[in-house]
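A short worksheet on the structure shown next.
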Amino acid sequence: MTPEKLHLKRATQDMIRGVGGLEAAAGFCRVGKSVLGDAQNVHCRDRFVAIDVVADLEPLARERDGWPHVTRALCREMGGVFVPLPQAEGADSVETCLIALASEFGDVAQAVREAMADKVWTLAEIEAATAELDQMDATSAKMRLSLKHKRRELRAASPDRSAHG
């Protein structure tokens, strides 16, 4: 099994655990425990969870670290990342977002510095740096939302300015 497929199996396992286990997960989707068990079992190389089952279960696993597990794994396999859109209400100021983004960049730099201290990367160090990058991406999306709100405010306050930006 390729590392990417193994990652999908582990993501499925995390999603199912986040729902409360096989029995609980089976109660929230169209497939039973045995199908879900095979989908997370690394020895069942040709069995993966169906996309509608992911759509049913991932929202219920929101509290488990790494959420959305399968969606995030698919994004990574496709060469991208999953960046959840921030909530529209109560957007932070652009300045607050910039400070947070700078802090997140510092966290990424620290993770890389720690990993490079012995000049040998471990899987745990790669995962830690990747997790920090994911946080930075989310903070960047929040800043983008703040800028969008700022643009909307400016256009509402002065319709003539909308032509300039």
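All residue names refer to the structure tokens as shown: chains lettered A, B, ... in order, residues numbered from 1 in each chain, ligands numbered from 1 in order.
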Skipping near chain neighbours, those fewer than 4 positions away, what residues fall within 7 Å of stretch 65-80 of chain A using only C-alpha atoms, listed as number ranges by chain?
A: 4, 7-8, 11-12, 14-15, 58, 61
Could the residues in this selection be saved with all heavy atoms as a short mmCIF file (atom, residue, chain, number, x, y, z; two decimals), in the first residue's frame?
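Okay, selection.cif is ready:
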data_model
loop_
_atom_site.label_atom_id
_atom_site.label_comp_id
_atom_site.auth_asym_id
_atom_site.auth_seq_id
_atom_site.Cartn_x
_atom_site.Cartn_y
_atom_site.Cartn_z
N GLU A 4 0.44 7.26 0.64
CA GLU A 4 -0.75 8.11 0.51
C GLU A 4 -2.01 7.35 0.87
O GLU A 4 -2.90 7.88 1.56
CB GLU A 4 -0.85 8.67 -0.91
CG GLU A 4 0.25 9.64 -1.29
CD GLU A 4 1.55 8.95 -1.73
OE1 GLU A 4 1.56 7.72 -1.95
OE2 GLU A 4 2.57 9.66 -1.84
N HIS A 7 -2.14 6.81 4.53
CA HIS A 7 -2.56 8.06 5.18
C HIS A 7 -4.09 8.20 5.14
O HIS A 7 -4.71 8.62 6.11
CB HIS A 7 -1.88 9.26 4.52
CG HIS A 7 -2.10 10.54 5.21
ND1 HIS A 7 -1.57 10.83 6.45
CD2 HIS A 7 -2.85 11.61 4.87
CE1 HIS A 7 -1.98 12.04 6.83
NE2 HIS A 7 -2.76 12.53 5.88
N LEU A 8 -4.71 7.81 4.02
CA LEU A 8 -6.17 7.84 3.91
C LEU A 8 -6.81 6.86 4.90
O LEU A 8 -7.84 7.17 5.51
CB LEU A 8 -6.62 7.52 2.49
CG LEU A 8 -6.45 8.63 1.46
CD1 LEU A 8 -6.76 8.10 0.06
CD2 LEU A 8 -7.34 9.81 1.79
N ALA A 11 -6.56 8.42 8.30
CA ALA A 11 -7.50 9.54 8.40
C ALA A 11 -8.92 9.01 8.61
O ALA A 11 -9.69 9.56 9.41
CB ALA A 11 -7.43 10.40 7.14
N THR A 12 -9.26 7.93 7.92
CA THR A 12 -10.58 7.31 8.10
C THR A 12 -10.71 6.80 9.53
O THR A 12 -11.75 6.98 10.18
CB THR A 12 -10.77 6.16 7.10
OG1 THR A 12 -10.64 6.68 5.78
CG2 THR A 12 -12.11 5.48 7.27
N ASP A 14 -9.19 7.97 12.19
CA ASP A 14 -9.35 9.14 13.06
C ASP A 14 -10.77 9.69 13.00
O ASP A 14 -11.34 10.08 14.02
CB ASP A 14 -8.36 10.25 12.68
CG ASP A 14 -6.96 9.97 13.18
OD1 ASP A 14 -6.80 9.16 14.12
OD2 ASP A 14 -6.01 10.57 12.63
N MET A 15 -11.34 9.73 11.79
CA MET A 15 -12.70 10.22 11.63
C MET A 15 -13.68 9.32 12.41
O MET A 15 -14.54 9.82 13.15
CB MET A 15 -13.09 10.25 10.16
CG MET A 15 -14.52 10.65 9.89
SD MET A 15 -14.97 10.54 8.13
CE MET A 15 -14.92 8.76 7.86
N GLU A 58 -17.76 13.18 8.87
CA GLU A 58 -16.78 14.20 9.24
C GLU A 58 -17.34 15.33 10.10
O GLU A 58 -16.69 15.74 11.05
CB GLU A 58 -16.05 14.75 8.01
CG GLU A 58 -14.84 13.93 7.71
CD GLU A 58 -13.86 14.57 6.75
OE1 GLU A 58 -14.28 15.37 5.89
OE2 GLU A 58 -12.67 14.26 6.87
N ALA A 61 -17.14 14.47 13.72
CA ALA A 61 -15.81 14.23 14.30
C ALA A 61 -15.04 15.53 14.50
O ALA A 61 -13.83 15.53 14.69
CB ALA A 61 -15.02 13.28 13.40
#
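Near A:Gly27, within 12 Å and counting only C-alpha atoms, sit Ile16, Val19, Gly20, Gly21, Leu22, Glu23, Ala24, Ala25, Cys29, Arg30, Val31, Gly32, Lys33, Leu36, Val53, Asp56, Leu57 and Leu60 of chain A, not including residues fewer than 2 positions from it in the same chain.
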Residues from last step as file, all heavy atoms, as a CSV table (one decimal), in the first residue's frame:
chain,number,residue,atom,x,y,z
A,16,ILE,N,-13.5,8.0,12.3
A,16,ILE,CA,-14.4,7.1,12.9
A,16,ILE,C,-14.3,7.2,14.5
A,16,ILE,O,-15.3,7.2,15.2
A,16,ILE,CB,-14.2,5.6,12.4
A,16,ILE,CG1,-14.7,5.5,11.0
A,16,ILE,CG2,-14.9,4.6,13.3
A,16,ILE,CD1,-14.3,4.3,10.3
A,19,VAL,N,-16.1,10.2,15.8
A,19,VAL,CA,-17.5,10.0,15.9
A,19,VAL,C,-17.9,9.2,17.1
A,19,VAL,O,-19.0,9.3,17.6
A,19,VAL,CB,-18.1,9.4,14.6
A,19,VAL,CG1,-19.6,9.0,14.7
A,19,VAL,CG2,-17.8,10.3,13.4
A,20,GLY,N,-17.0,8.4,17.6
A,20,GLY,CA,-17.3,7.6,18.8
A,20,GLY,C,-17.1,6.1,18.6
A,20,GLY,O,-17.5,5.3,19.4
A,21,GLY,N,-16.4,5.7,17.5
A,21,GLY,CA,-16.1,4.3,17.2
A,21,GLY,C,-17.0,3.8,16.1
A,21,GLY,O,-17.9,4.4,15.6
A,22,LEU,N,-16.7,2.5,15.8
A,22,LEU,CA,-17.4,1.9,14.6
A,22,LEU,C,-19.0,1.8,14.8
A,22,LEU,O,-19.7,2.1,13.9
A,22,LEU,CB,-16.9,0.5,14.4
A,22,LEU,CG,-15.5,0.3,13.8
A,22,LEU,CD1,-15.1,-1.1,13.9
A,22,LEU,CD2,-15.6,0.8,12.4
A,23,GLU,N,-19.4,1.4,16.0
A,23,GLU,CA,-20.8,1.3,16.2
A,23,GLU,C,-21.6,2.6,16.1
A,23,GLU,O,-22.6,2.7,15.5
A,23,GLU,CB,-21.1,0.6,17.6
A,23,GLU,CG,-22.5,0.2,17.7
A,23,GLU,CD,-22.7,-0.7,18.9
A,23,GLU,OE1,-21.8,-1.5,19.2
A,23,GLU,OE2,-23.9,-0.7,19.5
A,24,ALA,N,-21.0,3.6,16.7
A,24,ALA,CA,-21.6,5.0,16.6
A,24,ALA,C,-21.6,5.5,15.2
A,24,ALA,O,-22.6,6.0,14.7
A,24,ALA,CB,-20.9,5.9,17.6
A,25,ALA,N,-20.5,5.3,14.5
A,25,ALA,CA,-20.4,5.8,13.1
A,25,ALA,C,-21.4,5.1,12.2
A,25,ALA,O,-22.0,5.8,11.4
A,25,ALA,CB,-18.9,5.6,12.6
A,29,CYS,N,-24.5,6.8,9.3
A,29,CYS,CA,-24.3,6.7,7.8
A,29,CYS,C,-25.0,5.5,7.3
A,29,CYS,O,-25.6,4.7,8.0
A,29,CYS,CB,-22.8,6.7,7.5
A,29,CYS,SG,-21.9,5.3,8.1
A,30,ARG,N,-24.9,5.3,6.0
A,30,ARG,CA,-25.6,4.2,5.3
A,30,ARG,C,-24.9,2.9,5.3
A,30,ARG,O,-25.5,1.9,4.8
A,30,ARG,CB,-25.9,4.6,3.8
A,30,ARG,CG,-24.6,4.7,3.0
A,30,ARG,CD,-24.9,4.9,1.5
A,30,ARG,NE,-23.7,5.2,0.8
A,30,ARG,CZ,-22.9,4.2,0.3
A,30,ARG,NH1,-23.2,2.9,0.6
A,30,ARG,NH2,-21.8,4.5,-0.3
A,31,VAL,N,-23.7,2.8,5.8
A,31,VAL,CA,-23.0,1.6,5.9
A,31,VAL,C,-22.8,1.1,7.3
A,31,VAL,O,-22.9,1.8,8.2
A,31,VAL,CB,-21.6,1.7,5.2
A,31,VAL,CG1,-21.7,2.1,3.7
A,31,VAL,CG2,-20.7,2.7,5.9
A,32,GLY,N,-22.6,-0.2,7.4
A,32,GLY,CA,-22.5,-0.9,8.7
A,32,GLY,C,-21.0,-0.9,9.3
A,32,GLY,O,-20.1,-0.4,8.6
A,33,LYS,N,-20.9,-1.5,10.4
A,33,LYS,CA,-19.6,-1.6,11.1
A,33,LYS,C,-18.6,-2.3,10.3
A,33,LYS,O,-17.4,-1.9,10.3
A,33,LYS,CB,-19.8,-2.3,12.5
A,33,LYS,CG,-20.6,-1.5,13.5
A,33,LYS,CD,-20.5,-2.1,14.9
A,33,LYS,CE,-20.8,-3.5,15.0
A,33,LYS,NZ,-20.9,-4.0,16.3
A,36,LEU,N,-17.2,-0.1,7.5
A,36,LEU,CA,-16.4,1.0,8.1
A,36,LEU,C,-15.1,0.4,8.7
A,36,LEU,O,-14.0,1.0,8.5
A,36,LEU,CB,-17.1,1.7,9.2
A,36,LEU,CG,-18.3,2.6,8.8
A,36,LEU,CD1,-19.1,3.0,10.0
A,36,LEU,CD2,-17.8,3.7,8.0
A,53,VAL,N,-20.3,8.8,2.8
A,53,VAL,CA,-20.1,8.4,4.2
A,53,VAL,C,-19.2,9.4,4.9
A,53,VAL,O,-19.5,9.8,6.0
A,53,VAL,CB,-19.6,7.0,4.2
A,53,VAL,CG1,-19.2,6.6,5.7
A,53,VAL,CG2,-20.6,6.0,3.6
A,56,ASP,N,-21.2,12.4,5.7
A,56,ASP,CA,-22.1,12.1,6.9
A,56,ASP,C,-21.3,12.2,8.2
A,56,ASP,O,-21.8,12.7,9.2
A,56,ASP,CB,-22.8,10.8,6.8
A,56,ASP,CG,-23.8,10.7,5.7
A,56,ASP,OD1,-24.4,11.8,5.3
A,56,ASP,OD2,-24.2,9.6,5.3
A,57,LEU,N,-20.1,11.6,8.2
A,57,LEU,CA,-19.3,11.4,9.4
A,57,LEU,C,-18.4,12.5,9.8
A,57,LEU,O,-18.3,12.8,11.0
A,57,LEU,CB,-18.6,10.1,9.4
A,57,LEU,CG,-19.4,8.8,9.2
A,57,LEU,CD1,-18.5,7.6,9.2
A,57,LEU,CD2,-20.4,8.7,10.3
A,60,LEU,N,-19.4,15.2,12.4
A,60,LEU,CA,-19.6,14.6,13.7
A,60,LEU,C,-18.2,14.4,14.4
A,60,LEU,O,-18.2,14.2,15.7
A,60,LEU,CB,-20.3,13.3,13.6
A,60,LEU,CG,-21.7,13.4,12.9
A,60,LEU,CD1,-22.3,12.0,12.8
A,60,LEU,CD2,-22.6,14.3,13.6
Between A:Glu95, A:Glu153, A:Glu132, A:Asp38, which has the minimum distance to A:Val112 (counting only C-alpha atoms)?
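The shortest atom-to-atom distance to A:Val112 comes from A:Glu132.
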Using the chain letters and numbers from this document, which residues of stretch 70-115 of chain A does DSSP assign to alpha helix (DSSP H), as a PyMOL selection string?
chain A and resi 70-77+94-115
Any chance you can output those residues with N, CA, C and O atoms as a tab-separated table (two decimals), in the first residue's frame?
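Final output, again_15.tsv:
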chain	number	residue	atom	x	y	z
A	70	VAL	N	-10.44	13.01	6.72
A	70	VAL	CA	-10.36	12.45	5.37
A	70	VAL	C	-10.22	13.56	4.33
A	70	VAL	O	-9.41	13.47	3.41
A	71	THR	N	-10.97	14.63	4.50
A	71	THR	CA	-10.87	15.76	3.56
A	71	THR	C	-9.45	16.32	3.55
A	71	THR	O	-8.89	16.59	2.49
A	72	ARG	N	-8.87	16.48	4.72
A	72	ARG	CA	-7.50	16.99	4.83
A	72	ARG	C	-6.52	16.04	4.14
A	72	ARG	O	-5.61	16.47	3.43
A	73	ALA	N	-6.71	14.74	4.35
A	73	ALA	CA	-5.82	13.74	3.72
A	73	ALA	C	-5.95	13.78	2.20
A	73	ALA	O	-4.95	13.69	1.48
A	74	LEU	N	-7.18	13.91	1.70
A	74	LEU	CA	-7.38	14.00	0.25
A	74	LEU	C	-6.74	15.27	-0.32
A	74	LEU	O	-6.13	15.23	-1.39
A	75	CYS	N	-6.91	16.37	0.39
A	75	CYS	CA	-6.28	17.61	-0.07
A	75	CYS	C	-4.76	17.44	-0.17
A	75	CYS	O	-4.14	17.85	-1.16
A	76	ARG	N	-4.18	16.84	0.84
A	76	ARG	CA	-2.73	16.62	0.85
A	76	ARG	C	-2.32	15.72	-0.31
A	76	ARG	O	-1.34	15.99	-1.00
A	77	GLU	N	-3.10	14.67	-0.56
A	77	GLU	CA	-2.77	13.75	-1.66
A	77	GLU	C	-2.85	14.45	-3.02
A	77	GLU	O	-2.11	14.13	-3.94
A	94	VAL	N	-7.62	43.95	10.70
A	94	VAL	CA	-6.50	43.55	9.86
A	94	VAL	C	-5.22	43.54	10.68
A	94	VAL	O	-4.39	42.63	10.55
A	95	GLU	N	-5.08	44.52	11.55
A	95	GLU	CA	-3.87	44.62	12.37
A	95	GLU	C	-3.74	43.41	13.30
A	95	GLU	O	-2.66	42.83	13.45
A	96	THR	N	-4.86	43.01	13.93
A	96	THR	CA	-4.85	41.84	14.81
A	96	THR	C	-4.48	40.60	14.03
A	96	THR	O	-3.69	39.76	14.50
A	97	CYS	N	-5.02	40.46	12.83
A	97	CYS	CA	-4.71	39.31	11.99
A	97	CYS	C	-3.24	39.30	11.57
A	97	CYS	O	-2.61	38.24	11.53
A	98	LEU	N	-2.69	40.47	11.28
A	98	LEU	CA	-1.29	40.54	10.90
A	98	LEU	C	-0.39	40.09	12.05
A	98	LEU	O	0.57	39.34	11.84
A	99	ILE	N	-0.71	40.51	13.26
A	99	ILE	CA	0.07	40.10	14.43
A	99	ILE	C	-0.03	38.58	14.60
A	99	ILE	O	0.97	37.90	14.84
A	100	ALA	N	-1.24	38.04	14.46
A	100	ALA	CA	-1.43	36.59	14.58
A	100	ALA	C	-0.67	35.84	13.49
A	100	ALA	O	-0.06	34.80	13.74
A	101	LEU	N	-0.68	36.38	12.26
A	101	LEU	CA	0.01	35.73	11.16
A	101	LEU	C	1.52	35.74	11.39
A	101	LEU	O	2.20	34.74	11.14
A	102	ALA	N	2.04	36.85	11.90
A	102	ALA	CA	3.46	36.92	12.21
A	102	ALA	C	3.82	35.90	13.30
A	102	ALA	O	4.86	35.23	13.23
A	103	SER	N	2.95	35.76	14.28
A	103	SER	CA	3.18	34.79	15.34
A	103	SER	C	3.16	33.37	14.79
A	103	SER	O	4.01	32.54	15.16
A	104	GLU	N	2.22	33.08	13.90
A	104	GLU	CA	2.16	31.76	13.29
A	104	GLU	C	3.42	31.48	12.47
A	104	GLU	O	3.94	30.36	12.48
A	105	PHE	N	3.90	32.49	11.75
A	105	PHE	CA	5.13	32.30	10.99
A	105	PHE	C	6.29	31.97	11.94
A	105	PHE	O	7.12	31.11	11.65
A	106	GLY	N	6.31	32.64	13.09
A	106	GLY	CA	7.32	32.33	14.10
A	106	GLY	C	7.23	30.89	14.58
A	106	GLY	O	8.25	30.23	14.79
A	107	ASP	N	6.00	30.39	14.73
A	107	ASP	CA	5.81	28.99	15.15
A	107	ASP	C	6.33	28.03	14.08
A	107	ASP	O	6.94	27.01	14.41
A	108	VAL	N	6.10	28.36	12.82
A	108	VAL	CA	6.62	27.52	11.73
A	108	VAL	C	8.14	27.54	11.76
A	108	VAL	O	8.79	26.49	11.68
A	109	ALA	N	8.72	28.74	11.88
A	109	ALA	CA	10.18	28.86	11.91
A	109	ALA	C	10.77	28.08	13.09
A	109	ALA	O	11.80	27.41	12.94
A	110	GLN	N	10.12	28.14	14.24
A	110	GLN	CA	10.60	27.41	15.42
A	110	GLN	C	10.55	25.90	15.19
A	110	GLN	O	11.49	25.19	15.54
A	111	ALA	N	9.48	25.42	14.59
A	111	ALA	CA	9.37	23.98	14.31
A	111	ALA	C	10.47	23.53	13.36
A	111	ALA	O	11.07	22.47	13.56
A	112	VAL	N	10.76	24.34	12.36
A	112	VAL	CA	11.82	24.00	11.41
A	112	VAL	C	13.19	24.07	12.10
A	112	VAL	O	14.04	23.19	11.92
A	113	ARG	N	13.41	25.11	12.91
A	113	ARG	CA	14.67	25.24	13.64
A	113	ARG	C	14.92	24.02	14.53
A	113	ARG	O	16.02	23.47	14.56
A	114	GLU	N	13.88	23.60	15.25
A	114	GLU	CA	14.01	22.44	16.13
A	114	GLU	C	14.31	21.18	15.33
A	114	GLU	O	15.12	20.35	15.74
A	115	ALA	N	13.67	21.04	14.20
A	115	ALA	CA	13.88	19.86	13.37
A	115	ALA	C	15.29	19.82	12.80
A	115	ALA	O	15.88	18.75	12.66
Extract, using only C-alpha atoms, all DNA, RNA and protein residues at most 8 Å from A:Ala138, discarding same-chain residues fewer than 4 positions from it, and format them as a ChimeraX atom specification.
/A:83-86,134,142
How many Å lie between atom CA of A:Ala50 and atom CA of A:Gly37, rounded to one decimal?
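Taking atom CA of A:Ala50 and atom CA of A:Gly37, their separation equals 12.8 Å.
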Restricting the calculation to only C-alpha atoms: of A:Ser93, A:Ala128, A:Asp46, A:Lys5, which residue gets closest to A:Leu147?
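Of A:Ser93, A:Ala128, A:Asp46, A:Lys5, the one nearest A:Leu147 is A:Ser93, counting only C-alpha atoms.
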Pick the closest to A:Ser34 from A:Ala141, A:Leu123, A:Leu154, A:Val49: which is it, counting only C-alpha atoms?
A:Val49
